[in-house]
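Here is the file query35.txt (compact mmCIF, C-alpha atoms).
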```txt
# COMPACT_ATOMS: atom_id res chain seq x y z
CA MET J 1 28.50 0.12 14.88
CA SER J 2 28.53 -3.66 14.27
CA GLU J 3 26.39 -5.38 11.65
CA LEU J 4 24.01 -6.55 14.39
CA ASP J 5 23.78 -3.04 15.83
CA ALA J 6 23.20 -1.69 12.33
CA ARG J 7 20.20 -3.95 11.85
CA THR J 8 18.79 -2.99 15.23
CA PHE J 9 19.21 0.64 14.21
CA LEU J 10 17.45 0.08 10.86
CA VAL J 11 14.55 -1.70 12.58
CA SER J 12 14.22 1.23 15.00
CA LEU J 13 13.77 3.52 12.00
CA PHE J 14 11.10 1.21 10.57
CA ASP J 15 9.36 1.22 13.95
CA ALA J 16 9.44 5.04 14.05
CA ALA J 17 7.95 5.21 10.55
CA VAL J 18 5.13 2.84 11.51
CA ALA J 19 4.47 4.49 14.87
CA VAL J 20 3.78 7.92 13.40
CA ALA J 21 1.16 6.33 11.11
CA ASP J 22 -0.56 4.51 14.01
CA PRO J 23 -4.30 5.24 13.70
CA GLU J 24 -4.57 5.44 17.49
CA HIS J 25 -2.87 8.83 17.25
CA THR J 26 -3.79 10.08 13.78
CA ILE J 27 -7.55 9.54 13.91
CA ARG J 28 -8.07 11.64 17.04
CA ASP J 29 -6.70 14.68 15.19
CA HIS J 30 -9.15 14.28 12.30
CA LEU J 31 -12.53 13.48 13.82
CA PRO J 32 -15.47 14.90 11.83
CA SER J 33 -18.23 16.90 13.52
CA ARG J 34 -21.02 14.83 15.05
CA PRO J 35 -24.22 14.53 13.02
CA LYS J 36 -27.83 15.02 14.08
CA GLY J 37 -28.59 11.52 12.86
CA ARG J 38 -26.73 8.22 12.69
CA THR J 39 -22.98 7.62 12.39
CA ILE J 40 -22.12 4.78 10.01
CA VAL J 41 -18.52 3.61 9.77
CA VAL J 42 -17.31 1.77 6.68
CA GLY J 43 -13.80 0.96 5.63
CA ALA J 44 -11.39 -1.21 3.68
CA GLY J 45 -7.69 -1.96 3.66
CA LYS J 46 -4.97 -3.90 5.41
CA GLY J 47 -5.14 -1.50 8.37
CA ALA J 48 -8.90 -0.94 8.34
CA ALA J 49 -9.65 -2.99 11.48
CA GLN J 50 -7.05 -1.10 13.51
CA MET J 51 -8.47 2.17 12.18
CA ALA J 52 -11.97 1.05 13.20
CA ALA J 53 -10.84 0.11 16.71
CA ALA J 54 -9.10 3.47 17.10
CA PHE J 55 -12.17 5.32 15.83
CA GLU J 56 -14.40 3.50 18.32
CA ARG J 57 -12.17 4.64 21.18
CA ALA J 58 -12.03 8.22 19.93
CA TRP J 59 -15.69 8.75 18.99
CA ASP J 60 -17.96 10.25 21.63
CA GLY J 61 -21.33 9.03 20.48
CA PRO J 62 -23.28 6.11 19.04
CA LEU J 63 -22.00 4.42 15.88
CA GLU J 64 -22.31 1.26 13.82
CA GLY J 65 -20.66 -0.06 10.72
CA THR J 66 -18.54 -2.59 8.83
CA VAL J 67 -14.94 -2.69 7.65
CA VAL J 68 -13.08 -5.30 5.60
CA THR J 69 -9.45 -6.28 6.03
CA ARG J 70 -7.03 -8.98 4.91
CA TYR J 71 -7.16 -12.47 6.43
CA GLY J 72 -5.20 -12.42 9.67
CA TYR J 73 -5.35 -8.63 10.03
CA ALA J 74 -8.49 -8.30 12.16
CA ALA J 75 -8.53 -6.31 15.39
CA PRO J 76 -11.17 -6.51 18.12
CA CYS J 77 -13.98 -3.95 17.76
CA ARG J 78 -17.03 -3.59 19.99
CA ARG J 79 -19.52 -1.89 17.66
CA ILE J 80 -18.01 -2.15 14.20
CA GLU J 81 -18.25 -5.42 12.29
CA VAL J 82 -14.91 -6.67 10.90
CA ILE J 83 -14.89 -8.93 7.83
CA GLU J 84 -11.75 -10.64 6.55
CA ALA J 85 -11.16 -11.31 2.86
CA ALA J 86 -8.39 -12.18 0.41
CA HIS J 87 -5.54 -9.96 -0.73
CA PRO J 88 -3.97 -9.45 -3.28
CA VAL J 89 -6.37 -11.60 -5.34
CA PRO J 90 -10.08 -11.01 -4.48
CA ASP J 91 -12.39 -13.77 -3.25
CA LYS J 92 -16.06 -14.39 -2.43
CA ALA J 93 -15.64 -13.08 1.12
CA GLY J 94 -14.53 -9.74 -0.33
CA LEU J 95 -17.51 -9.76 -2.68
CA ALA J 96 -19.86 -10.26 0.27
CA ALA J 97 -18.06 -7.54 2.22
CA ALA J 98 -18.45 -5.05 -0.62
CA ARG J 99 -22.17 -5.76 -0.73
CA ARG J 100 -22.35 -5.33 3.04
CA LEU J 101 -20.71 -1.89 2.83
CA ILE J 102 -23.15 -0.82 0.13
CA GLU J 103 -26.04 -2.00 2.32
CA ARG J 104 -24.64 -0.04 5.29
CA VAL J 105 -24.72 3.30 3.45
CA SER J 106 -27.99 2.82 1.55
CA GLY J 107 -31.14 4.71 2.47
CA LEU J 108 -29.48 7.36 4.66
CA SER J 109 -30.68 10.93 5.20
CA ASP J 110 -28.89 14.27 5.06
CA ASP J 111 -28.76 14.22 8.88
CA ASP J 112 -26.56 11.10 8.84
CA LEU J 113 -22.77 10.81 8.71
CA VAL J 114 -20.71 8.15 6.97
CA VAL J 115 -17.12 7.83 8.17
CA ALA J 116 -14.97 6.02 5.60
CA LEU J 117 -11.73 4.51 6.93
CA ILE J 118 -9.63 3.84 3.84
CA CYS J 119 -6.10 2.50 3.48
CA GLY J 120 -3.95 0.49 1.11
CA GLY J 121 -5.16 -2.95 0.08
CA GLY J 122 -8.78 -1.89 -0.21
CA SER J 123 -8.85 -2.37 -3.98
CA ALA J 124 -8.47 -6.16 -3.76
CA LEU J 125 -10.59 -6.40 -0.61
CA LEU J 126 -13.63 -4.76 -2.24
CA PRO J 127 -14.47 -6.71 -5.39
CA ALA J 128 -17.80 -5.50 -6.75
CA PRO J 129 -18.10 -6.37 -10.44
CA ALA J 130 -19.98 -3.72 -12.40
CA GLY J 131 -22.73 -4.39 -14.93
CA ASN J 132 -22.74 -7.98 -16.17
CA LEU J 133 -19.21 -8.71 -15.01
CA THR J 134 -18.46 -11.54 -12.57
CA LEU J 135 -16.05 -12.08 -9.69
CA ASP J 136 -13.93 -14.18 -12.03
CA ASP J 137 -13.72 -11.21 -14.39
CA GLU J 138 -12.55 -8.93 -11.60
CA ILE J 139 -10.02 -11.54 -10.44
CA ALA J 140 -8.68 -11.74 -14.01
CA VAL J 141 -8.33 -7.95 -14.09
CA ASN J 142 -6.49 -7.96 -10.78
CA ARG J 143 -4.09 -10.72 -11.83
CA ALA J 144 -3.34 -8.93 -15.10
CA LEU J 145 -2.68 -5.67 -13.29
CA LEU J 146 -0.38 -7.27 -10.71
CA ALA J 147 1.66 -8.93 -13.46
CA SER J 148 1.77 -5.88 -15.76
CA GLY J 149 4.33 -3.70 -13.99
CA ALA J 150 1.94 -0.75 -14.24
CA PRO J 151 2.24 1.96 -11.54
CA ILE J 152 -0.41 1.99 -8.84
CA ALA J 153 -2.19 5.05 -10.23
CA ALA J 154 -2.65 3.31 -13.58
CA MET J 155 -3.79 0.09 -11.91
CA ASN J 156 -6.43 1.87 -9.89
CA ALA J 157 -7.68 3.81 -12.90
CA VAL J 158 -8.53 0.47 -14.50
CA ARG J 159 -9.95 -1.05 -11.31
CA LYS J 160 -12.43 1.75 -10.69
CA HIS J 161 -13.95 1.41 -14.15
CA VAL J 162 -14.87 -2.25 -13.69
CA SER J 163 -16.31 -1.77 -10.20
CA ALA J 164 -19.67 -0.93 -8.66
CA ILE J 165 -18.06 0.44 -5.47
CA LYS J 166 -14.77 2.12 -6.41
CA GLY J 167 -14.19 5.52 -8.02
CA GLY J 168 -16.50 7.37 -5.60
CA ARG J 169 -19.44 5.04 -6.15
CA LEU J 170 -19.78 4.08 -2.46
CA ALA J 171 -20.08 7.76 -1.51
CA ALA J 172 -22.62 8.27 -4.29
CA VAL J 173 -24.78 5.51 -2.78
CA ALA J 174 -24.51 7.21 0.64
CA HIS J 175 -25.92 10.51 -0.69
CA PRO J 176 -27.54 12.61 0.78
CA ALA J 177 -25.60 11.65 3.93
CA ARG J 178 -22.36 13.53 4.59
CA VAL J 179 -19.27 11.39 3.98
CA ALA J 180 -16.00 12.04 5.85
CA SER J 181 -13.11 10.00 4.46
CA LEU J 182 -10.07 9.40 6.69
CA VAL J 183 -7.31 8.06 4.46
CA VAL J 184 -3.97 6.42 5.19
CA SER J 185 -2.10 6.96 1.94
CA ASP J 186 0.02 4.26 0.34
CA ILE J 187 0.07 6.14 -2.97
CA PRO J 188 3.04 8.13 -4.31
CA GLY J 189 1.90 11.75 -4.25
CA ASP J 190 -0.81 11.00 -1.63
CA ASP J 191 -3.82 11.49 -3.91
CA PRO J 192 -6.66 10.13 -1.71
CA ALA J 193 -8.74 9.32 -4.79
CA LEU J 194 -6.22 6.61 -5.68
CA VAL J 195 -5.99 4.90 -2.28
CA ALA J 196 -7.97 1.64 -2.49
CA SER J 197 -9.21 2.95 -5.85
CA GLY J 198 -11.17 5.67 -4.04
CA PRO J 199 -14.50 4.08 -2.99
CA THR J 200 -15.57 7.40 -1.46
CA VAL J 201 -13.28 9.82 -3.34
CA PRO J 202 -13.70 10.17 -7.11
CA ASP J 203 -10.95 11.19 -9.52
CA ALA J 204 -10.99 12.56 -13.05
CA THR J 205 -9.76 9.50 -14.98
CA THR J 206 -12.11 8.17 -17.64
CA ARG J 207 -12.86 4.79 -19.17
CA GLU J 208 -10.91 5.98 -22.21
CA ASP J 209 -7.92 6.39 -19.88
CA ALA J 210 -8.48 2.87 -18.59
CA LEU J 211 -8.56 1.43 -22.12
CA ALA J 212 -5.36 3.29 -22.97
CA ILE J 213 -3.63 1.81 -19.92
CA VAL J 214 -4.75 -1.71 -20.84
CA ALA J 215 -3.29 -1.22 -24.33
CA ALA J 216 -0.08 0.42 -23.13
CA TYR J 217 0.79 -2.48 -20.82
CA GLY J 218 -0.38 -5.21 -23.17
CA MET J 219 -2.91 -6.66 -20.72
CA ASN J 220 -4.97 -9.62 -21.88
CA LEU J 221 -8.36 -9.07 -20.25
CA PRO J 222 -11.58 -11.10 -20.70
CA ALA J 223 -13.78 -10.04 -23.61
CA ALA J 224 -16.58 -9.12 -21.19
CA VAL J 225 -14.26 -6.71 -19.39
CA MET J 226 -13.16 -5.03 -22.60
CA ALA J 227 -16.78 -4.70 -23.71
CA HIS J 228 -17.68 -3.13 -20.38
CA LEU J 229 -14.80 -0.64 -20.54
CA ALA J 230 -15.98 0.39 -24.00
CA SER J 231 -19.52 1.09 -22.73
CA THR J 232 -20.99 4.06 -20.90
CA GLY J 233 -21.69 1.70 -18.00
CA ALA J 234 -18.03 2.03 -17.06
CA ASP J 235 -18.27 5.80 -16.56
CA ALA J 236 -17.49 6.76 -12.97
CA PRO J 237 -18.75 9.82 -11.05
CA ARG J 238 -16.74 12.96 -11.64
CA PRO J 239 -15.16 14.96 -8.76
CA ASP J 240 -17.55 17.87 -9.45
CA ASP J 241 -20.64 15.66 -9.06
CA PRO J 242 -22.99 17.57 -6.69
CA ARG J 243 -23.51 14.42 -4.61
CA PHE J 244 -20.00 14.97 -3.19
CA ALA J 245 -20.43 18.66 -2.33
CA ARG J 246 -20.79 18.18 1.44
CA ASN J 247 -18.13 15.52 1.78
CA SER J 248 -14.67 15.91 3.32
CA VAL J 249 -11.38 14.08 2.84
CA ALA J 250 -8.35 13.99 5.16
CA VAL J 251 -5.07 12.16 4.56
CA ILE J 252 -4.20 11.23 8.15
CA ALA J 253 -0.92 9.35 7.47
CA SER J 254 1.46 9.10 4.54
CA ALA J 255 4.90 7.95 3.46
CA ALA J 256 6.20 11.51 3.70
CA GLN J 257 5.28 11.77 7.39
CA SER J 258 6.71 8.32 8.14
CA LEU J 259 10.04 9.03 6.44
CA GLU J 260 10.33 12.31 8.34
CA ALA J 261 9.80 10.42 11.60
CA ALA J 262 12.47 7.90 10.63
CA ALA J 263 14.89 10.69 9.75
CA ALA J 264 14.30 12.34 13.13
CA ALA J 265 14.93 9.01 14.89
CA ALA J 266 18.24 8.60 13.04
CA LYS J 267 19.39 12.10 13.87
CA ALA J 268 18.55 11.50 17.53
CA ARG J 269 21.08 8.65 17.40
CA GLY J 270 23.70 10.96 15.91
CA ILE J 271 23.42 9.56 12.37
CA GLY J 272 22.83 11.93 9.47
CA ALA J 273 19.67 11.24 7.50
CA VAL J 274 18.48 12.22 4.02
CA ILE J 275 15.15 11.52 2.37
CA LEU J 276 15.73 10.71 -1.29
CA SER J 277 11.99 10.72 -2.11
CA ASP J 278 8.68 9.61 -0.63
CA SER J 279 7.16 8.80 -4.04
CA ILE J 280 9.56 6.56 -5.95
CA GLU J 281 7.95 4.37 -8.60
CA GLY J 282 9.33 2.06 -11.29
CA GLU J 283 10.58 -1.51 -11.60
CA ALA J 284 11.78 -2.68 -8.18
CA ARG J 285 14.99 -4.17 -9.58
CA ASP J 286 15.82 -0.95 -11.45
CA VAL J 287 15.17 1.19 -8.38
CA GLY J 288 17.38 -1.19 -6.41
CA SER J 289 20.24 -0.73 -8.87
CA VAL J 290 20.01 3.06 -8.66
CA HIS J 291 19.97 3.02 -4.85
CA ALA J 292 23.02 0.72 -4.91
CA ALA J 293 24.89 3.13 -7.16
CA ILE J 294 24.23 6.00 -4.75
CA ALA J 295 25.34 3.86 -1.79
CA ARG J 296 28.59 2.95 -3.57
CA GLU J 297 29.28 6.62 -4.30
CA VAL J 298 28.75 7.58 -0.68
CA ALA J 299 30.86 4.67 0.57
CA ALA J 300 33.79 5.41 -1.76
CA LYS J 301 33.75 9.18 -2.18
CA ASP J 302 31.53 10.74 0.50
CA ARG J 303 29.26 12.19 -2.15
CA PRO J 304 26.54 13.26 -2.58
CA PHE J 305 26.31 12.70 1.20
CA ALA J 306 29.04 12.36 3.83
CA LYS J 307 29.30 9.22 5.98
CA PRO J 308 27.84 8.17 8.32
CA VAL J 309 24.42 8.64 6.78
CA VAL J 310 21.18 6.77 6.38
CA MET J 311 19.34 7.28 3.10
CA LEU J 312 15.57 6.91 3.28
CA SER J 313 13.01 6.49 0.52
CA GLY J 314 9.42 5.42 0.02
CA GLY J 315 6.75 5.12 -2.63
CA GLU J 316 5.55 2.03 -4.46
CA THR J 317 7.72 0.15 -6.90
CA THR J 318 6.32 -2.50 -9.22
CA VAL J 319 7.36 -5.98 -10.31
CA THR J 320 6.79 -7.29 -13.80
CA LEU J 321 6.40 -11.04 -13.41
CA ARG J 322 9.01 -12.92 -15.41
CA GLY J 323 9.22 -16.14 -13.41
CA LYS J 324 7.33 -18.17 -10.83
CA GLY J 325 9.47 -17.42 -7.81
CA ARG J 326 8.39 -16.11 -4.40
CA GLY J 327 8.67 -12.60 -3.03
CA GLY J 328 7.31 -9.08 -3.23
CA ARG J 329 8.56 -5.78 -4.55
CA ASN J 330 10.62 -4.86 -1.46
CA SER J 331 12.47 -8.17 -1.49
CA GLU J 332 13.08 -7.85 -5.23
CA PHE J 333 14.34 -4.28 -4.76
CA LEU J 334 16.74 -5.49 -2.08
CA LEU J 335 18.06 -8.46 -4.05
CA SER J 336 18.94 -6.12 -6.91
CA PHE J 337 20.46 -3.72 -4.38
CA ALA J 338 22.52 -6.54 -2.85
CA LEU J 339 23.99 -7.37 -6.24
CA GLY J 340 24.85 -3.69 -6.70
CA ILE J 341 26.78 -3.45 -3.40
CA ASP J 342 28.36 -6.90 -3.54
CA GLY J 343 31.67 -6.70 -1.68
CA VAL J 344 31.23 -3.08 -0.57
CA PRO J 345 31.95 -2.79 3.19
CA GLY J 346 30.03 -0.61 5.61
CA VAL J 347 26.66 -0.66 3.83
CA GLU J 348 23.54 -2.18 5.45
CA ALA J 349 19.98 -1.85 4.22
CA LEU J 350 16.42 -2.71 5.14
CA ALA J 351 13.56 -2.64 2.63
CA ALA J 352 10.07 -3.51 3.86
CA ASP J 353 6.38 -2.88 3.36
CA THR J 354 5.01 -0.84 6.26
CA ASP J 355 1.92 -3.07 6.53
CA GLY J 356 4.15 -5.97 7.55
CA ILE J 357 3.65 -8.13 4.44
CA ASP J 358 5.64 -7.95 1.20
CA GLY J 359 3.59 -9.45 -1.62
CA SER J 360 1.99 -12.79 -0.81
CA GLU J 361 4.57 -14.15 1.65
CA ASP J 362 4.75 -13.66 5.43
CA ASN J 363 7.75 -11.32 5.52
CA ALA J 364 7.68 -7.53 5.28
CA GLY J 365 10.99 -7.42 3.44
CA ALA J 366 14.62 -8.24 4.16
CA PHE J 367 18.07 -7.03 5.16
CA ALA J 368 21.08 -6.77 2.86
CA ASP J 369 24.73 -5.77 3.13
CA GLY J 370 27.92 -6.06 1.13
CA GLY J 371 28.28 -9.72 2.10
CA SER J 372 24.72 -10.82 1.25
CA VAL J 373 25.49 -12.14 -2.24
CA ALA J 374 28.47 -14.18 -1.00
CA ARG J 375 26.34 -15.72 1.75
CA MET J 376 23.60 -16.59 -0.76
CA ARG J 377 26.08 -18.25 -3.09
CA ALA J 378 27.52 -20.20 -0.15
CA ALA J 379 23.96 -21.37 0.60
CA GLY J 380 23.58 -22.65 -2.96
CA VAL J 381 21.59 -19.75 -4.41
CA ASP J 382 22.27 -18.54 -7.94
CA VAL J 383 21.55 -14.89 -7.16
CA ARG J 384 21.12 -13.58 -10.70
CA THR J 385 18.86 -16.48 -11.61
CA ALA J 386 16.79 -15.80 -8.49
CA LEU J 387 16.39 -12.14 -9.48
CA ALA J 388 15.50 -13.06 -13.05
CA GLY J 389 12.81 -15.43 -11.80
CA ASN J 390 11.29 -13.09 -9.17
CA ASP J 391 12.56 -15.41 -6.42
CA ALA J 392 13.97 -12.92 -3.90
CA PHE J 393 12.15 -14.53 -0.97
CA THR J 394 14.00 -17.81 -1.46
CA ALA J 395 17.35 -16.03 -1.73
CA PHE J 396 16.95 -14.09 1.52
CA ALA J 397 15.38 -17.06 3.33
CA ALA J 398 18.48 -19.11 2.52
CA THR J 399 20.66 -16.70 4.52
CA GLY J 400 18.20 -15.97 7.33
CA ASP J 401 17.90 -12.34 6.27
CA LEU J 402 14.11 -12.01 5.99
CA PHE J 403 12.41 -9.30 8.06
CA SER J 404 9.09 -10.50 9.49
CA PRO J 405 7.53 -8.11 12.05
CA GLY J 406 3.96 -9.29 11.38
CA PRO J 407 0.95 -7.07 10.56
CA THR J 408 1.54 -3.50 11.74
CA GLY J 409 -2.00 -2.12 11.56
CA THR J 410 -1.13 0.61 9.09
CA ASN J 411 0.06 0.91 5.50
CA VAL J 412 2.04 3.80 4.02
CA ASN J 413 3.75 1.50 1.53
CA ASP J 414 7.45 0.92 0.86
CA PHE J 415 10.09 1.82 3.45
CA ARG J 416 13.75 1.72 2.51
CA ALA J 417 16.64 2.63 4.80
CA ILE J 418 20.27 2.35 3.64
CA LEU J 419 23.00 2.96 6.22
CA VAL J 420 26.49 3.82 5.00
CA ARG J 421 28.94 3.70 7.92
```

Transcribe the structure of this file into structure tokens.
Amino acid sequence: MSELDARTFLVSLFDAAVAVADPEHTIRDHLPSRPKGRTIVVGAGKGAAQMAAAFERAWDGPLEGTVVTRYGYAAPCRRIEVIEAAHPVPDKAGLAAARRLIERVSGLSDDDLVVALICGGGSALLPAPAGNLTLDDEIAVNRALLASGAPIAAMNAVRKHVSAIKGGRLAAVAHPARVASLVVSDIPGDDPALVASGPTVPDATTREDALAIVAAYGMNLPAAVMAHLASTGADAPRPDDPRFARNSVAVIASAAQSLEAAAAAAKARGIGAVILSDSIEGEARDVGSVHAAIAREVAAKDRPFAKPVVMLSGGETTVTLRGKGRGGRNSEFLLSFALGIDGVPGVEALAADTDGIDGSEDNAGAFADGGSVARMRAAGVDVRTALAGNDAFTAFAATGDLFSPGPTGTNVNDFRAILVR
């Protein structure tokens, strides 16, 4: 298999992982029962518009509603309003969208049904400052979280305690209507209460937990935010709140399912496949170094897996900002990985975000092999300096190794495929 064929093979695995999470297929298997009254659809996330379009096609009955997605991620819907807003840093369009969703589910009866279409990215897309907080306060919280290196579960525990819509609060507003949440999980472990900070699914974390996380990661938050977190106004509904008794939650797509689909696609091509984990967390550059060490072991000694083999993993790594470079966590993972396999023949890798965008750039991720570092140096890139300054995008752009499939319409988070030939 040539290098070009190897990349085509890796992209085919990415495509298989995305296809199995396509809402066109997953939503039809999880439709709630029809209500006596109205059906209101709400949703948020980078794949929310595609989920809404799929739900419209699958639903046999009247409906109305609103979903919010990232700029450039809209999909045509006939009956559901689609609003675009900023991600990963919230903006005024997201603030208006959050208010619109709250309006949609207000004043309903117990004969009505709310269908919540939730996927990754919804946290930033639904700013709704609680109490006396402002949009600027919520933006400051989001920036601090993104720069902290905290895992996604910790980030969302903080987010839900400064919000008027997250942490189950949107479902609480919808009471006494029945709420059916259809969730595409981008969270390691697939806890639906953590996806998009759970606007319709509460979890058990407390404001004391949120304060502990802020302290543990040394976040510098506005005084108004700290005062709010210290007040009872930050308390979120608990999972045993009776307002949630009639509600249902279904995880309709996840990293685990996508990695299994990719593994099956590899085996159909006669290549062995192993799933290292679907819930890997930690610093992207550290995870990249560990994956590189495993790839070197396989390449040199046929252990712990025999060649040829593709190693698959997912989850959500984090990046602690140290510089002002460009790139997201998948690109940073792969730059570290490239350094770890420098000069090793027969190893090719793809790391990408399944939503099609890695961080704030327009690529999903990148490709790397044993010659990547040499090509970067030939292009004038100081590779270790680029990694130190969080500038993986520039490094891979210099060698033409970015992977840019565009928005995919779903989001089950990181996808990593490492082929050892």

Name all residues at most 12 Å from Arg269 (chain J) (count only C-alpha atoms; drop same-chain ones fewer than 6 positions away) and give them as a short mmCIF file (atom, residue, chain, number, x, y, z; two decimals) with C-alpha atoms, keeping the file's coordinate frame.
```cif
data_model
loop_
_atom_site.label_atom_id
_atom_site.label_comp_id
_atom_site.auth_asym_id
_atom_site.auth_seq_id
_atom_site.Cartn_x
_atom_site.Cartn_y
_atom_site.Cartn_z
CA MET J 1 28.50 0.12 14.88
CA ALA J 6 23.20 -1.69 12.33
CA PHE J 9 19.21 0.64 14.21
CA LEU J 10 17.45 0.08 10.86
CA SER J 12 14.22 1.23 15.00
CA LEU J 13 13.77 3.52 12.00
CA ALA J 262 12.47 7.90 10.63
CA ALA J 263 14.89 10.69 9.75
CA PRO J 308 27.84 8.17 8.32
CA VAL J 309 24.42 8.64 6.78
CA VAL J 310 21.18 6.77 6.38
#
```

For this session: Rank nothing, just name the residue among J:Gly359, J:Gly121, J:Gly282, J:Gly45 nearest to Val67 (chain J), using all atoms listed in the file.
Result: J:Gly45

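Closest to Gly72 (chain J) among J:Asp91, J:Glu138, J:Asp362, J:Asp353 is J:Asp362, based on all atoms listed in the file.
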
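If you measure from each of J:Val249, J:Ile280, J:Ala74, J:Ala351 to Asn330 (chain J) using all atoms listed in the file, the closest one turns out to be J:Ala351.
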
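Taking CA of Gly356 (chain J) and CA of Asp191 (chain J) as endpoints, the distance between them is 22.4 Å.
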
Problem set entry | Residues within 12 Å of Asp209 (chain J), all atoms listed in the file, excluding chain neighbours under 4 positions, as a list in words | Ala153, Ala154, Met155, Asn156, Ala157, Val158, Arg159, Lys160, His161, Asp203, Ala204, Thr205, Ile213, Val214, Ala215, Ala216, Leu229, Ala230, Ala234, Asp235 and Ala236 of chain J

For this session: Pick out the residues sitting within 12 Å of region 405-408 of chain J, and hand them over as a PyMOL selection string; count only C-alpha atoms, and ignore anything fewer than 3 positions along from it in its own chain.
Result: chain J and resi 11-12+14-23+46-51+69-75+352-358+361-366+402+411-413

Provide region 190-209 of chain J rebuilt to N, CA and C atoms, formatted as a CSV table (one decimal), in the coordinates of the input.
```
chain,number,residue,atom,x,y,z
J,190,ASP,N,0.3,10.9,-2.6
J,190,ASP,CA,-0.8,11.0,-1.6
J,190,ASP,C,-2.1,11.5,-2.2
J,191,ASP,N,-2.5,11.1,-3.4
J,191,ASP,CA,-3.8,11.5,-3.9
J,191,ASP,C,-4.8,10.5,-3.3
J,192,PRO,N,-5.7,11.0,-2.4
J,192,PRO,CA,-6.7,10.1,-1.7
J,192,PRO,C,-7.6,9.4,-2.6
J,193,ALA,N,-7.8,10.0,-3.8
J,193,ALA,CA,-8.7,9.3,-4.8
J,193,ALA,C,-8.2,8.0,-5.3
J,194,LEU,N,-6.9,7.8,-5.2
J,194,LEU,CA,-6.2,6.6,-5.7
J,194,LEU,C,-6.0,5.5,-4.6
J,195,VAL,N,-6.1,5.9,-3.3
J,195,VAL,CA,-6.0,4.9,-2.3
J,195,VAL,C,-7.2,4.0,-2.3
J,196,ALA,N,-6.9,2.7,-2.4
J,196,ALA,CA,-8.0,1.6,-2.5
J,196,ALA,C,-8.9,1.9,-3.6
J,197,SER,N,-8.4,2.6,-4.7
J,197,SER,CA,-9.2,3.0,-5.8
J,197,SER,C,-10.4,3.9,-5.5
J,198,GLY,N,-10.2,4.6,-4.4
J,198,GLY,CA,-11.2,5.7,-4.0
J,198,GLY,C,-12.6,5.3,-4.0
J,199,PRO,N,-13.1,4.4,-3.1
J,199,PRO,CA,-14.5,4.1,-3.0
J,199,PRO,C,-15.4,5.3,-2.6
J,200,THR,N,-14.8,6.2,-1.9
J,200,THR,CA,-15.6,7.4,-1.5
J,200,THR,C,-15.0,8.7,-2.0
J,201,VAL,N,-13.9,8.6,-2.8
J,201,VAL,CA,-13.3,9.8,-3.3
J,201,VAL,C,-13.1,9.7,-4.8
J,202,PRO,N,-13.8,10.3,-5.7
J,202,PRO,CA,-13.7,10.2,-7.1
J,202,PRO,C,-12.5,10.9,-7.7
J,203,ASP,N,-12.0,10.4,-8.8
J,203,ASP,CA,-11.0,11.2,-9.5
J,203,ASP,C,-11.4,11.4,-11.0
J,204,ALA,N,-10.6,12.1,-11.7
J,204,ALA,CA,-11.0,12.6,-13.0
J,204,ALA,C,-10.7,11.6,-14.2
J,205,THR,N,-10.1,10.4,-13.9
J,205,THR,CA,-9.8,9.5,-15.0
J,205,THR,C,-11.0,9.0,-15.6
J,206,THR,N,-10.9,8.6,-16.9
J,206,THR,CA,-12.1,8.2,-17.6
J,206,THR,C,-11.9,6.7,-18.1
J,207,ARG,N,-13.0,6.1,-18.6
J,207,ARG,CA,-12.9,4.8,-19.2
J,207,ARG,C,-11.9,4.8,-20.4
J,208,GLU,N,-11.9,5.9,-21.1
J,208,GLU,CA,-10.9,6.0,-22.2
J,208,GLU,C,-9.5,5.9,-21.7
J,209,ASP,N,-9.2,6.5,-20.5
J,209,ASP,CA,-7.9,6.4,-19.9
J,209,ASP,C,-7.6,4.9,-19.5
```
